[in-house]
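As stored in data_8.cif (mmCIF, C-alpha atoms and all ligand atoms):
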data_target
#
loop_
_atom_site.label_atom_id
_atom_site.label_comp_id
_atom_site.auth_asym_id
_atom_site.auth_seq_id
_atom_site.Cartn_x
_atom_site.Cartn_y
_atom_site.Cartn_z
CA MET A 348 73.96 -24.09 -7.26
CA HIS A 349 75.42 -21.01 -5.68
CA VAL A 350 73.80 -17.61 -5.18
CA LEU A 351 75.96 -14.64 -4.26
CA VAL A 352 74.30 -11.92 -2.15
CA LEU A 353 75.75 -8.41 -2.33
CA ASN A 354 74.96 -5.45 -0.10
CA SER A 355 76.76 -2.36 -1.37
CA GLY A 356 76.97 0.70 0.87
CA SER A 357 78.69 4.02 0.31
CA SER A 358 82.07 2.70 1.50
CA SER A 359 81.46 -1.02 1.89
CA ILE A 360 80.47 -4.23 0.13
CA LYS A 361 79.18 -7.13 2.21
CA PHE A 362 78.77 -10.53 0.61
CA SER A 363 77.44 -14.00 1.38
CA LEU A 364 77.52 -17.06 -0.83
CA PHE A 365 74.77 -19.65 -0.39
CA GLU A 366 74.51 -23.16 -1.71
CA MET A 367 70.92 -23.51 -2.90
CA PRO A 368 68.43 -25.04 -2.46
CA ASP A 369 70.12 -26.29 0.75
CA GLU A 370 70.39 -22.69 2.01
CA ARG A 371 73.88 -23.35 3.39
CA GLU A 372 76.09 -20.27 3.75
CA VAL A 373 79.52 -21.39 2.57
CA SER A 374 81.32 -18.08 2.43
CA SER A 375 80.87 -14.49 3.55
CA GLY A 376 82.81 -11.34 4.24
CA ALA A 377 83.09 -7.64 3.70
CA ILE A 378 85.23 -4.91 2.24
CA GLU A 379 84.99 -1.83 4.45
CA LYS A 380 86.38 1.69 4.25
CA ILE A 381 86.46 1.58 0.43
CA GLY A 382 88.17 4.70 -0.93
CA ASN A 383 90.96 4.50 1.69
CA HIS A 384 94.51 3.23 1.87
CA ASP A 385 93.64 1.20 4.96
CA ALA A 386 90.49 -0.52 3.72
CA LYS A 387 89.54 -3.64 5.67
CA VAL A 388 89.01 -6.98 3.98
CA THR A 389 87.32 -9.89 5.76
CA LEU A 390 86.95 -13.15 3.85
CA LYS A 391 85.40 -16.29 5.34
CA PHE A 392 85.15 -19.74 3.86
CA LEU A 393 83.44 -22.27 6.14
CA SER A 394 85.35 -21.97 9.43
CA ASP A 395 88.44 -20.18 7.96
CA GLU A 396 88.56 -16.42 8.27
CA SER A 397 91.21 -14.00 7.01
CA LYS A 398 91.46 -10.30 7.75
CA LEU A 399 93.68 -7.84 5.88
CA THR A 400 94.18 -4.12 5.60
CA GLN A 401 95.12 -2.78 2.17
CA PRO A 402 94.44 0.13 -0.19
CA ILE A 403 91.11 -0.29 -2.02
CA LEU A 404 90.09 2.81 -3.86
CA SER A 405 86.88 1.81 -5.59
CA HIS A 406 83.92 -0.56 -5.35
CA SER A 407 85.21 -2.19 -8.51
CA ASP A 408 88.56 -3.04 -6.88
CA GLY A 409 86.72 -4.29 -3.79
CA LEU A 410 84.45 -6.58 -5.77
CA LYS A 411 87.39 -7.96 -7.78
CA ILE A 412 88.99 -9.08 -4.51
CA ILE A 413 85.77 -10.85 -3.56
CA ALA A 414 85.48 -12.40 -7.07
CA ASN A 415 89.07 -13.68 -6.96
CA PHE A 416 88.61 -15.14 -3.49
CA LEU A 417 85.44 -16.95 -4.57
CA ALA A 418 86.96 -18.19 -7.84
CA LYS A 419 90.22 -19.44 -6.35
CA LYS A 420 89.24 -20.65 -2.89
CA VAL A 421 85.50 -21.29 -2.74
CA LEU A 422 84.04 -22.06 -6.16
CA THR A 423 86.99 -23.89 -7.66
CA ASN A 424 85.54 -25.53 -10.79
CA GLN A 425 82.00 -24.74 -9.69
CA LYS A 426 79.64 -22.26 -11.27
CA LEU A 427 77.97 -19.20 -9.81
CA SER A 428 74.23 -19.25 -10.44
CA ALA A 429 73.13 -15.71 -9.80
CA ILE A 430 73.68 -12.55 -7.81
CA GLY A 431 71.04 -11.03 -5.52
CA HIS A 432 71.50 -7.35 -4.67
CA ARG A 433 69.99 -5.61 -1.68
CA VAL A 434 68.34 -2.42 -2.88
CA VAL A 435 66.83 -0.16 -0.25
CA HIS A 436 64.16 1.73 -2.17
CA GLY A 437 61.80 0.32 -4.77
CA GLY A 438 59.29 3.16 -4.47
CA GLU A 439 55.78 2.38 -5.70
CA THR A 440 57.20 0.62 -8.75
CA TYR A 441 58.59 -2.58 -7.26
CA SER A 442 56.66 -4.85 -4.94
CA ASP A 443 58.59 -7.97 -6.03
CA PRO A 444 62.17 -9.02 -6.81
CA GLN A 445 63.29 -7.95 -10.29
CA ILE A 446 65.81 -9.30 -12.77
CA ILE A 447 67.98 -6.25 -13.35
CA THR A 448 67.64 -4.83 -16.85
CA ASP A 449 68.79 -1.41 -18.03
CA SER A 450 65.37 0.03 -17.29
CA VAL A 451 65.26 -1.48 -13.76
CA LEU A 452 68.68 0.01 -13.07
CA ARG A 453 67.58 3.42 -14.38
CA LYS A 454 64.54 3.28 -12.11
CA ILE A 455 66.75 2.45 -9.10
CA ASP A 456 68.77 5.56 -10.01
CA ASP A 457 65.58 7.63 -10.28
CA LEU A 458 64.45 6.43 -6.86
CA SER A 459 67.63 7.88 -5.34
CA VAL A 460 65.65 11.00 -4.71
CA LEU A 461 63.68 9.02 -2.08
CA ALA A 462 66.74 7.23 -0.64
CA PRO A 463 69.71 9.52 -1.32
CA LEU A 464 72.00 7.74 1.16
CA HIS A 465 71.23 4.21 0.02
CA ASN A 466 70.09 3.81 -3.61
CA PRO A 467 73.18 5.45 -5.21
CA PRO A 468 75.66 2.99 -3.61
CA ASN A 469 73.24 0.09 -4.27
CA ALA A 470 73.16 1.07 -7.98
CA GLU A 471 76.93 1.49 -8.06
CA GLY A 472 77.32 -2.03 -6.63
CA ILE A 473 75.03 -3.40 -9.36
CA ARG A 474 76.94 -1.62 -12.15
CA VAL A 475 80.28 -2.89 -10.88
CA SER A 476 78.88 -6.39 -10.48
CA GLN A 477 77.52 -6.34 -14.05
CA LYS A 478 80.98 -5.47 -15.32
CA ILE A 479 82.74 -8.09 -13.23
CA PHE A 480 80.19 -10.90 -13.74
CA PRO A 481 78.76 -9.96 -17.18
CA GLN A 482 77.08 -13.34 -17.75
CA ALA A 483 75.47 -13.81 -14.34
CA ASP A 484 71.80 -13.04 -13.77
CA GLN A 485 71.53 -10.12 -11.39
CA VAL A 486 68.44 -9.67 -9.26
CA ALA A 487 67.31 -6.71 -7.14
CA ILE A 488 65.54 -7.38 -3.83
CA PHE A 489 63.90 -4.24 -2.47
CA ASP A 490 63.74 -3.41 1.22
CA THR A 491 60.46 -1.56 0.72
CA ALA A 492 58.72 -4.38 -1.20
CA PHE A 493 57.10 -6.19 1.76
CA HIS A 494 55.32 -2.95 2.70
CA SER A 495 53.73 -2.48 -0.72
CA THR A 496 50.51 -3.93 0.77
CA LEU A 497 49.94 -0.98 3.13
CA PRO A 498 46.47 0.52 2.69
CA SER A 499 46.32 4.20 1.72
CA ARG A 500 45.03 5.22 5.17
CA ALA A 501 48.36 3.95 6.56
CA TYR A 502 50.72 5.10 3.82
CA ARG A 503 49.42 8.61 3.15
CA TYR A 504 50.55 11.58 5.23
CA PRO A 505 47.98 14.22 6.15
CA ILE A 506 49.62 16.89 3.97
CA PRO A 507 48.29 18.26 0.64
CA SER A 508 47.57 15.47 -1.84
CA SER A 509 49.47 17.30 -4.56
CA LEU A 510 52.74 16.51 -2.70
CA TYR A 511 52.01 12.81 -2.89
CA GLN A 512 51.10 13.07 -6.56
CA LYS A 513 54.05 15.26 -7.54
CA TYR A 514 56.84 13.93 -5.33
CA GLY A 515 55.62 10.55 -4.07
CA ILE A 516 55.73 11.68 -0.44
CA ARG A 517 54.19 8.75 1.49
CA VAL A 518 55.14 5.96 3.88
CA TYR A 519 57.26 3.31 2.13
CA GLY A 520 58.76 1.54 5.16
CA MET A 521 62.12 -0.23 5.30
CA HIS A 522 63.63 -3.47 6.69
CA GLY A 523 60.99 -5.26 4.59
CA THR A 524 63.26 -8.20 3.81
CA SER A 525 63.75 -8.83 7.54
CA HIS A 526 60.08 -8.34 8.48
CA GLN A 527 59.07 -10.69 5.66
CA TYR A 528 61.65 -13.31 6.62
CA VAL A 529 60.70 -13.40 10.32
CA THR A 530 57.01 -13.40 9.36
CA GLN A 531 57.63 -16.55 7.34
CA GLN A 532 59.70 -18.17 10.10
CA ALA A 533 57.11 -17.29 12.77
CA THR A 534 54.31 -18.59 10.54
CA ASN A 535 56.13 -21.91 10.10
CA HIS A 536 56.69 -22.07 13.84
CA LEU A 537 53.03 -21.38 14.63
CA GLY A 538 51.94 -23.96 12.06
CA LYS A 539 49.21 -21.71 10.66
CA PRO A 540 48.53 -20.79 7.03
CA THR A 541 50.27 -17.49 6.14
CA GLU A 542 46.93 -15.96 5.08
CA SER A 543 45.60 -16.17 8.64
CA VAL A 544 48.60 -15.07 10.71
CA ASN A 545 48.56 -11.72 12.54
CA LEU A 546 51.89 -10.56 13.96
CA ILE A 547 53.69 -7.55 15.32
CA THR A 548 57.29 -7.85 14.11
CA ILE A 549 59.87 -5.83 16.05
CA HIS A 550 63.25 -5.39 14.31
CA LEU A 551 65.73 -3.84 16.76
CA GLY A 552 69.20 -3.47 15.24
CA ASN A 553 71.15 -0.25 14.78
CA GLY A 554 68.11 0.82 12.80
CA CYS A 555 64.79 -0.14 14.42
CA SER A 556 61.33 -0.64 12.97
CA MET A 557 58.06 -2.39 13.71
CA THR A 558 55.44 -3.81 11.38
CA ALA A 559 51.81 -4.81 11.85
CA VAL A 560 51.27 -7.98 9.79
CA LYS A 561 47.65 -8.94 9.07
CA ASN A 562 46.87 -12.20 7.30
CA GLY A 563 50.56 -12.49 6.43
CA LYS A 564 50.77 -9.01 4.86
CA SER A 565 52.29 -5.75 6.08
CA ILE A 566 49.48 -3.29 6.85
CA ASP A 567 51.41 -0.68 8.82
CA THR A 568 55.03 0.02 9.62
CA SER A 569 56.95 2.51 11.71
CA MET A 570 59.52 3.81 9.21
CA GLY A 571 58.14 6.23 6.65
CA LEU A 572 59.30 8.08 3.58
CA SER A 573 62.78 7.48 4.99
CA PRO A 574 64.29 5.28 7.71
CA LEU A 575 64.25 8.24 10.10
CA ALA A 576 60.65 7.75 11.28
CA GLY A 577 59.25 5.58 14.04
CA LEU A 578 61.19 4.04 16.91
CA MET A 579 64.18 5.56 18.67
CA MET A 580 67.31 3.98 17.11
CA GLY A 581 71.08 3.83 17.59
CA THR A 582 71.69 7.27 16.07
CA ARG A 583 68.31 8.20 14.52
CA SER A 584 65.68 10.12 16.45
CA GLY A 585 62.60 8.28 15.18
CA ASP A 586 59.31 10.16 15.60
CA ILE A 587 59.69 13.78 16.72
CA ASP A 588 57.49 16.84 16.42
CA PRO A 589 57.80 17.85 12.74
CA ALA A 590 58.18 21.48 13.89
CA ILE A 591 61.58 20.75 15.49
CA PRO A 592 63.58 21.13 12.21
CA PHE A 593 62.05 24.62 11.65
CA PHE A 594 62.79 25.56 15.24
CA LEU A 595 66.41 24.43 14.82
CA SER A 596 66.71 26.36 11.60
CA GLU A 597 65.24 29.57 13.03
CA GLN A 598 66.64 29.49 16.56
CA ALA A 599 69.94 27.62 16.11
CA GLY A 600 70.68 28.76 12.55
CA MET A 601 71.10 25.20 11.33
CA SER A 602 71.04 24.39 7.61
CA PRO A 603 68.86 21.55 6.20
CA ALA A 604 72.01 19.40 5.84
CA GLU A 605 72.98 20.03 9.47
CA VAL A 606 69.51 19.13 10.73
CA ASP A 607 69.56 16.01 8.55
CA HIS A 608 72.91 14.98 10.04
CA LEU A 609 71.75 15.73 13.58
CA LEU A 610 68.60 13.61 13.31
CA ASN A 611 70.19 10.72 11.40
CA HIS A 612 73.61 10.47 13.04
CA GLU A 613 73.66 12.29 16.39
CA SER A 614 70.30 11.41 17.88
CA GLY A 615 68.59 8.28 19.26
CA LEU A 616 70.58 6.40 21.94
CA LYS A 617 73.65 8.42 20.96
CA GLY A 618 71.86 11.72 21.45
CA ILE A 619 70.74 10.85 24.98
CA ALA A 620 73.50 8.53 26.25
CA ASP A 621 76.48 9.42 24.00
CA GLU A 622 76.59 5.77 22.85
CA ASN A 623 74.80 4.24 19.88
CA ASP A 624 75.61 0.63 20.75
CA LEU A 625 72.96 -0.76 23.06
CA ARG A 626 75.45 -3.04 24.86
CA GLU A 627 77.47 0.03 25.87
CA VAL A 628 74.34 1.86 27.02
CA LEU A 629 73.40 -1.16 29.16
CA LYS A 630 76.90 -1.25 30.70
CA GLN A 631 76.72 2.41 31.60
CA GLN A 632 73.25 2.05 33.05
CA GLU A 633 74.52 -0.78 35.26
CA GLN A 634 77.19 1.63 36.53
CA GLY A 635 74.48 4.10 37.54
CA ASN A 636 74.72 6.51 34.58
CA GLU A 637 71.47 8.50 34.53
CA ASN A 638 71.64 9.43 30.85
CA ALA A 639 71.99 5.74 29.95
CA GLN A 640 68.98 4.97 32.17
CA LEU A 641 66.93 7.67 30.47
CA ALA A 642 67.97 6.48 27.00
CA LEU A 643 66.80 2.94 27.80
CA ASP A 644 63.56 4.22 29.36
CA MET A 645 62.80 6.22 26.22
CA TYR A 646 63.87 3.45 23.81
CA CYS A 647 61.59 0.86 25.46
CA TYR A 648 58.70 3.26 26.10
CA ARG A 649 58.50 4.00 22.39
CA ILE A 650 58.46 0.30 21.48
CA LYS A 651 55.68 -0.21 24.03
CA LYS A 652 53.60 2.61 22.49
CA TYR A 653 53.90 1.05 19.02
CA ILE A 654 52.90 -2.37 20.40
CA GLY A 655 49.75 -0.77 21.84
CA ALA A 656 49.02 0.98 18.56
CA TYR A 657 49.49 -2.17 16.49
CA VAL A 658 47.37 -4.32 18.81
CA ALA A 659 44.63 -1.75 18.20
CA VAL A 660 45.22 -1.81 14.43
CA LEU A 661 45.24 -5.62 14.20
CA GLY A 662 42.50 -6.55 16.67
CA ARG A 663 43.67 -10.14 17.03
CA VAL A 664 47.40 -10.79 17.40
CA ASP A 665 48.92 -14.28 17.28
CA ALA A 666 52.43 -13.26 18.28
CA LEU A 667 54.94 -10.51 18.91
CA VAL A 668 58.19 -11.30 17.09
CA PHE A 669 61.48 -9.86 18.34
CA THR A 670 64.42 -9.89 15.94
CA ALA A 671 67.85 -8.39 14.99
CA GLY A 672 70.82 -7.63 17.32
CA VAL A 673 68.87 -6.13 20.22
CA GLY A 674 65.59 -7.97 19.71
CA GLU A 675 67.29 -11.38 19.60
CA ASN A 676 69.80 -10.78 22.39
CA SER A 677 68.60 -8.28 24.94
CA ALA A 678 66.39 -9.87 27.60
CA PHE A 679 66.49 -6.49 29.38
CA VAL A 680 64.90 -4.60 26.46
CA ARG A 681 62.27 -7.28 25.82
CA GLU A 682 61.25 -7.29 29.47
CA LYS A 683 61.22 -3.52 29.82
CA CYS A 684 59.02 -2.88 26.80
CA LEU A 685 56.55 -5.67 27.65
CA THR A 686 56.09 -4.91 31.34
CA GLY A 687 52.60 -3.56 32.01
CA LEU A 688 51.00 -5.03 28.88
CA GLU A 689 49.30 -7.90 30.73
CA ALA A 690 45.87 -6.35 30.11
CA LEU A 691 46.50 -6.87 26.37
CA GLY A 692 47.22 -10.57 26.91
CA ILE A 693 50.99 -10.04 26.76
CA GLN A 694 52.75 -11.85 29.60
CA LEU A 695 56.46 -12.62 29.56
CA ASP A 696 58.02 -15.60 31.33
CA SER A 697 61.19 -14.05 32.81
CA SER A 698 63.11 -17.30 33.09
CA LYS A 699 62.46 -18.16 29.41
CA ASN A 700 63.36 -14.58 28.49
CA ASP A 701 66.76 -14.90 30.18
CA GLN A 702 67.83 -18.01 28.26
CA GLN A 703 70.19 -17.36 25.33
CA VAL A 704 69.28 -19.69 22.47
CA SER A 705 69.95 -18.88 18.84
CA ALA A 706 66.78 -20.42 17.40
CA VAL A 707 63.10 -19.57 17.18
CA ARG A 708 61.73 -19.67 20.73
CA GLU A 709 58.62 -18.77 22.75
CA LEU A 710 58.84 -16.54 25.81
CA GLN A 711 55.23 -16.09 26.92
CA ALA A 712 54.04 -17.16 30.36
CA THR A 713 51.12 -19.55 30.74
CA GLY A 714 48.01 -17.42 30.62
CA GLY A 715 49.32 -14.95 28.02
CA THR A 716 47.03 -14.96 25.00
CA ILE A 717 49.56 -13.38 22.62
CA LYS A 718 52.68 -15.45 21.99
CA ILE A 719 56.06 -13.77 22.39
CA LEU A 720 58.65 -15.11 19.95
CA VAL A 721 62.33 -14.49 19.32
CA VAL A 722 63.10 -15.21 15.67
CA PRO A 723 66.67 -14.73 14.38
CA THR A 724 66.60 -12.71 11.19
CA ASN A 725 68.77 -13.52 8.17
CA GLU A 726 68.41 -10.88 5.48
CA GLU A 727 71.19 -12.38 3.34
CA LEU A 728 69.50 -15.77 3.24
CA ALA A 729 66.17 -14.09 2.49
CA ILE A 730 67.78 -12.35 -0.51
CA ALA A 731 69.31 -15.63 -1.69
CA GLN A 732 65.93 -17.41 -1.35
CA GLN A 733 64.07 -14.73 -3.29
CA THR A 734 66.75 -14.60 -6.00
CA PHE A 735 66.73 -18.37 -6.39
CA LYS A 736 62.92 -18.51 -6.48
CA LEU A 737 62.64 -15.79 -9.13
CA LEU A 738 65.20 -17.42 -11.42
CA ARG A 739 63.54 -20.79 -11.02
CA GLU A 740 60.17 -19.27 -11.91
CA LYS A 741 61.71 -17.65 -14.98
CA LYS A 742 63.37 -20.98 -15.84
CA LYS A 743 66.73 -19.26 -16.08
CA LYS A 744 69.78 -21.43 -16.69
CA PHE A 745 72.38 -21.43 -13.96
CA CYS A 746 75.80 -21.44 -15.54
CA VAL A 747 78.60 -18.98 -14.98
CA PHE A 748 82.21 -19.76 -14.19
CA LEU A 749 83.80 -16.93 -12.27
CA PRO A 750 86.49 -14.92 -13.99
CA VAL A 751 89.81 -14.40 -12.20
CA PHE A 752 91.29 -10.90 -12.21
CA SER A 753 94.98 -10.11 -12.15
CA SER A 754 94.57 -7.09 -9.90
CA PRO A 755 94.21 -5.89 -7.26
CA GLU A 756 95.25 -8.40 -4.63
P1 LIG B 1 72.50 -3.78 12.04
O1 LIG B 1 72.38 -5.07 11.24
O2 LIG B 1 71.32 -2.88 11.96
O3 LIG B 1 73.80 -3.07 11.86
P2 LIG B 1 72.37 -5.55 14.33
O4 LIG B 1 71.12 -6.27 14.02
O5 LIG B 1 73.65 -6.29 14.27
O6 LIG B 1 72.49 -4.18 13.56
O7 LIG B 1 72.20 -4.97 15.83
C1 LIG B 1 73.15 -4.13 16.40
C2 LIG B 1 72.67 -3.79 17.80
O8 LIG B 1 72.46 -4.99 18.55
C3 LIG B 1 73.69 -2.96 18.59
O9 LIG B 1 73.04 -1.91 19.27
C4 LIG B 1 74.22 -3.98 19.58
O10 LIG B 1 74.62 -3.37 20.79
C5 LIG B 1 73.01 -4.84 19.83
N1 LIG B 1 73.38 -6.13 20.41
C6 LIG B 1 74.10 -7.12 19.84
N2 LIG B 1 74.28 -8.15 20.73
C7 LIG B 1 73.66 -7.76 21.87
C8 LIG B 1 73.50 -8.35 23.17
N3 LIG B 1 74.01 -9.55 23.45
N4 LIG B 1 72.80 -7.67 24.08
C9 LIG B 1 72.29 -6.45 23.82
N5 LIG B 1 72.41 -5.84 22.62
C10 LIG B 1 73.08 -6.48 21.67
#

I need this file expressed as structure tokens, please.
Amino acid sequence: MHVLVLNSGSSSIKFSLFEMPDEREVSSGAIEKIGNHDAKVTLKFLSDESKLTQPILSHSDGLKIIANFLAKKVLTNQKLSAIGHRVVHGGETYSDPQIITDSVLRKIDDLSVLAPLHNPPNAEGIRVSQKIFPQADQVAIFDTAFHSTLPSRAYRYPIPSSLYQKYGIRVYGMHGTSHQYVTQQATNHLGKPTESVNLITIHLGNGCSMTAVKNGKSIDTSMGLSPLAGLMMGTRSGDIDPAIPFFLSEQAGMSPAEVDHLLNHESGLKGIADENDLREVLKQQEQGNENAQLALDMYCYRIKKYIGAYVAVLGRVDALVFTAGVGENSAFVREKCLTGLEALGIQLDSSKNDQQVSAVRELQATGGTIKILVVPTNEELAIAQQTFKLLREKKKKFCVFLPVFSSPE
């Protein structure tokens, strides 16, 4: 049985195809720069990879290329079972995966008001996929769902209640699929029942977020109404004084759209070091660049503050869990944000920290009472697992041969 995972952005579609229940990724790839004459196509099947540049003007054309590739090269005479879509915002409505019906799709559209950059392309990807694979079951997996267990003291903002009631202004949190996946992996590793595991999960990619997990459930998280809140990120500011946007509007004459762009795309590591990629910032810091040094100091200091806050919130912590591009790979960042936390029972073993292993591993020194884990995340696999589980629960039949399209190619 094969489950296709689709992640549709404003100008891209990423895909992965998993053989289930073995959880083997057999194919993956992406169409990027959709809407351009030099769109980039990457198609992988086992160890073969092809890269092309060609005009692709719409998501529909992009998905047809993926469908043709899968039908002709990957799933020859085999059926596609289902399609799992990443959807960023499920609001207060969706705390679980959903089979996509007309009303679910309308709700995803309605929730665009809370995720204007993400839900519209997610919904477009679903619509295109429904047209191209009309008989396949389509499932939505929401990035906010894992955080639906936050208590009101954590999810409400101290602003007038009427704004929550009228507009739904509250903490929703993001990266839920990743936090949930690494929580499960860490729980398996620790060999404890999920209901008794307390973790601080630290997702450091281009976007960064942390979650306090109590008894296996998210009880607080650093992103908020939008992904702009919390940690310092590649290009997002994270937490700042909420008065700064008014100051910028009054003193610098900036419009709401300009402030939005500044805080989402020109801030974070990029704002301080002119580079959003942490590897580049590290290189520049090694060459003595003071802005790069400051950016790293700030980035790690903010992670450290959230660790302190979440230890306080949780009381007992079984493990810190580092994940995503930076969390899995940067020994420097892990060391810098954990130094000085020995009084909390957090003690890193530097030699274990320096080893590069792409598997779940423990980095704490003997004597540390809180474990320090690196757990590789895999959001695509998590979406495939949840899609497969939902369809099995609903006893859905798995049976769709892929159509082959004559164009474009
Ligand atoms: P996303 O999925 O959010 O686009 P990733 O999880 O791939 O992002 O993480 C991207 C970040 O990880 C970049 O800042 C990149 O520099 C960083 N990164 C990747 N590999 C390493 C490494 N070996 N050392 C330090 N940082 C790394």

With a cut-off of 8 Å, could you pull out the residues of chain A touching ligand LIG 1 (chain B) and give me the nearest pair of atoms for each, distance in Å to one decimal, using all atoms listed in the file, ordered by chain and ascending number, as JSON lines?
{"residue": "A:His550", "atom": "CA", "partner": "B:LIG1", "partner_atom": "O4", "distance": 7.9}
{"residue": "A:Leu551", "atom": "CA", "partner": "B:LIG1", "partner_atom": "O4", "distance": 6.5}
{"residue": "A:Gly552", "atom": "CA", "partner": "B:LIG1", "partner_atom": "O7", "distance": 3.4}
{"residue": "A:Asn553", "atom": "CA", "partner": "B:LIG1", "partner_atom": "O2", "distance": 3.9}
{"residue": "A:Gly554", "atom": "CA", "partner": "B:LIG1", "partner_atom": "O2", "distance": 5.0}
{"residue": "A:Cys555", "atom": "CA", "partner": "B:LIG1", "partner_atom": "O2", "distance": 7.5}
{"residue": "A:Gly581", "atom": "CA", "partner": "B:LIG1", "partner_atom": "O9", "distance": 6.3}
{"residue": "A:Asn623", "atom": "CA", "partner": "B:LIG1", "partner_atom": "O9", "distance": 6.4}
{"residue": "A:Asp624", "atom": "CA", "partner": "B:LIG1", "partner_atom": "O9", "distance": 3.9}
{"residue": "A:Leu625", "atom": "CA", "partner": "B:LIG1", "partner_atom": "O10", "distance": 3.8}
{"residue": "A:Arg626", "atom": "CA", "partner": "B:LIG1", "partner_atom": "O10", "distance": 4.2}
{"residue": "A:Glu627", "atom": "CA", "partner": "B:LIG1", "partner_atom": "O10", "distance": 6.7}
{"residue": "A:Leu629", "atom": "CA", "partner": "B:LIG1", "partner_atom": "C9", "distance": 7.6}
{"residue": "A:Thr670", "atom": "CA", "partner": "B:LIG1", "partner_atom": "O4", "distance": 7.9}
{"residue": "A:Ala671", "atom": "CA", "partner": "B:LIG1", "partner_atom": "O4", "distance": 4.0}
{"residue": "A:Gly672", "atom": "CA", "partner": "B:LIG1", "partner_atom": "O8", "distance": 3.3}
{"residue": "A:Val673", "atom": "CA", "partner": "B:LIG1", "partner_atom": "O8", "distance": 4.1}
{"residue": "A:Gly674", "atom": "CA", "partner": "B:LIG1", "partner_atom": "O8", "distance": 7.6}
{"residue": "A:Glu675", "atom": "CA", "partner": "B:LIG1", "partner_atom": "C7", "distance": 7.7}
{"residue": "A:Asn676", "atom": "CA", "partner": "B:LIG1", "partner_atom": "C8", "distance": 4.5}
{"residue": "A:Ser677", "atom": "CA", "partner": "B:LIG1", "partner_atom": "C9", "distance": 4.3}
{"residue": "A:Ala678", "atom": "CA", "partner": "B:LIG1", "partner_atom": "N4", "distance": 7.6}

Considering all atoms listed in the file, state which residue in the set A:Gln485, A:Asn725, A:Gln401, A:Asn415 is at the smallest distance from Ile446 of chain A.
->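 Checking each of A:Gln485, A:Asn725, A:Gln401, A:Asn415 against Ile446 of chain A, counting all atoms listed in the file, the winner is A:Gln485.
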
Mind dumping a table of every segment 568-619 of chain A residue within 12 Å of segment 463-484 of chain A, with the nearest atom pair and its distance in Å to one decimal, using all atoms listed in the file, sorted by chain and rising number, as JSON lines?
{"residue": "A:Leu572", "atom": "CA", "partner": "A:Pro463", "partner_atom": "CA", "distance": 11.6}
{"residue": "A:Ser573", "atom": "CA", "partner": "A:Pro463", "partner_atom": "CA", "distance": 9.6}
{"residue": "A:Pro574", "atom": "CA", "partner": "A:Leu464", "partner_atom": "CA", "distance": 10.4}
{"residue": "A:Leu575", "atom": "CA", "partner": "A:Leu464", "partner_atom": "CA", "distance": 11.8}
{"residue": "A:Asp607", "atom": "CA", "partner": "A:Leu464", "partner_atom": "CA", "distance": 11.4}
{"residue": "A:His608", "atom": "CA", "partner": "A:Leu464", "partner_atom": "CA", "distance": 11.5}
{"residue": "A:Asn611", "atom": "CA", "partner": "A:Leu464", "partner_atom": "CA", "distance": 10.8}

Can those selected residues be exported to a file as a PDB file, keeping the file's coordinate frame so that it contains C-alpha atoms?
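Final file, out-v1.pdb:
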ATOM      1  CA  LEU A 572      59.300   8.080   3.580  1.00  0.00           C
ATOM      2  CA  SER A 573      62.780   7.480   4.990  1.00  0.00           C
ATOM      3  CA  PRO A 574      64.290   5.280   7.710  1.00  0.00           C
ATOM      4  CA  LEU A 575      64.250   8.240  10.100  1.00  0.00           C
ATOM      5  CA  ASP A 607      69.560  16.010   8.550  1.00  0.00           C
ATOM      6  CA  HIS A 608      72.910  14.980  10.040  1.00  0.00           C
ATOM      7  CA  ASN A 611      70.190  10.720  11.400  1.00  0.00           C
TER       8      ASN A 611
END

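Proximity of A:Ala642, A:Ile549, A:Leu510, A:Ile587 to Gln527 of chain A, computed with all atoms listed in the file, is greatest for A:Ile549.
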
- [ ] Please identify all polymer residues within 8 Å of segment 647-649 of chain A, counting all atoms listed in the file, omitting same-chain residues fewer than 6 positions from it, and present them as a PyMOL selection string.
- [x] chain A and resi 578-579+680+683-684

Limited to C-alpha atoms, could you put the picked residues into a file as an mmCIF file, keeping the file's coordinate frame?
data_model
loop_
_atom_site.group_PDB
_atom_site.id
_atom_site.type_symbol
_atom_site.label_atom_id
_atom_site.label_comp_id
_atom_site.auth_asym_id
_atom_site.auth_seq_id
_atom_site.Cartn_x
_atom_site.Cartn_y
_atom_site.Cartn_z
ATOM 1 C CA LEU A 578 61.190 4.040 16.910
ATOM 2 C CA MET A 579 64.180 5.560 18.670
ATOM 3 C CA VAL A 680 64.900 -4.600 26.460
ATOM 4 C CA LYS A 683 61.220 -3.520 29.820
ATOM 5 C CA CYS A 684 59.020 -2.880 26.800
#
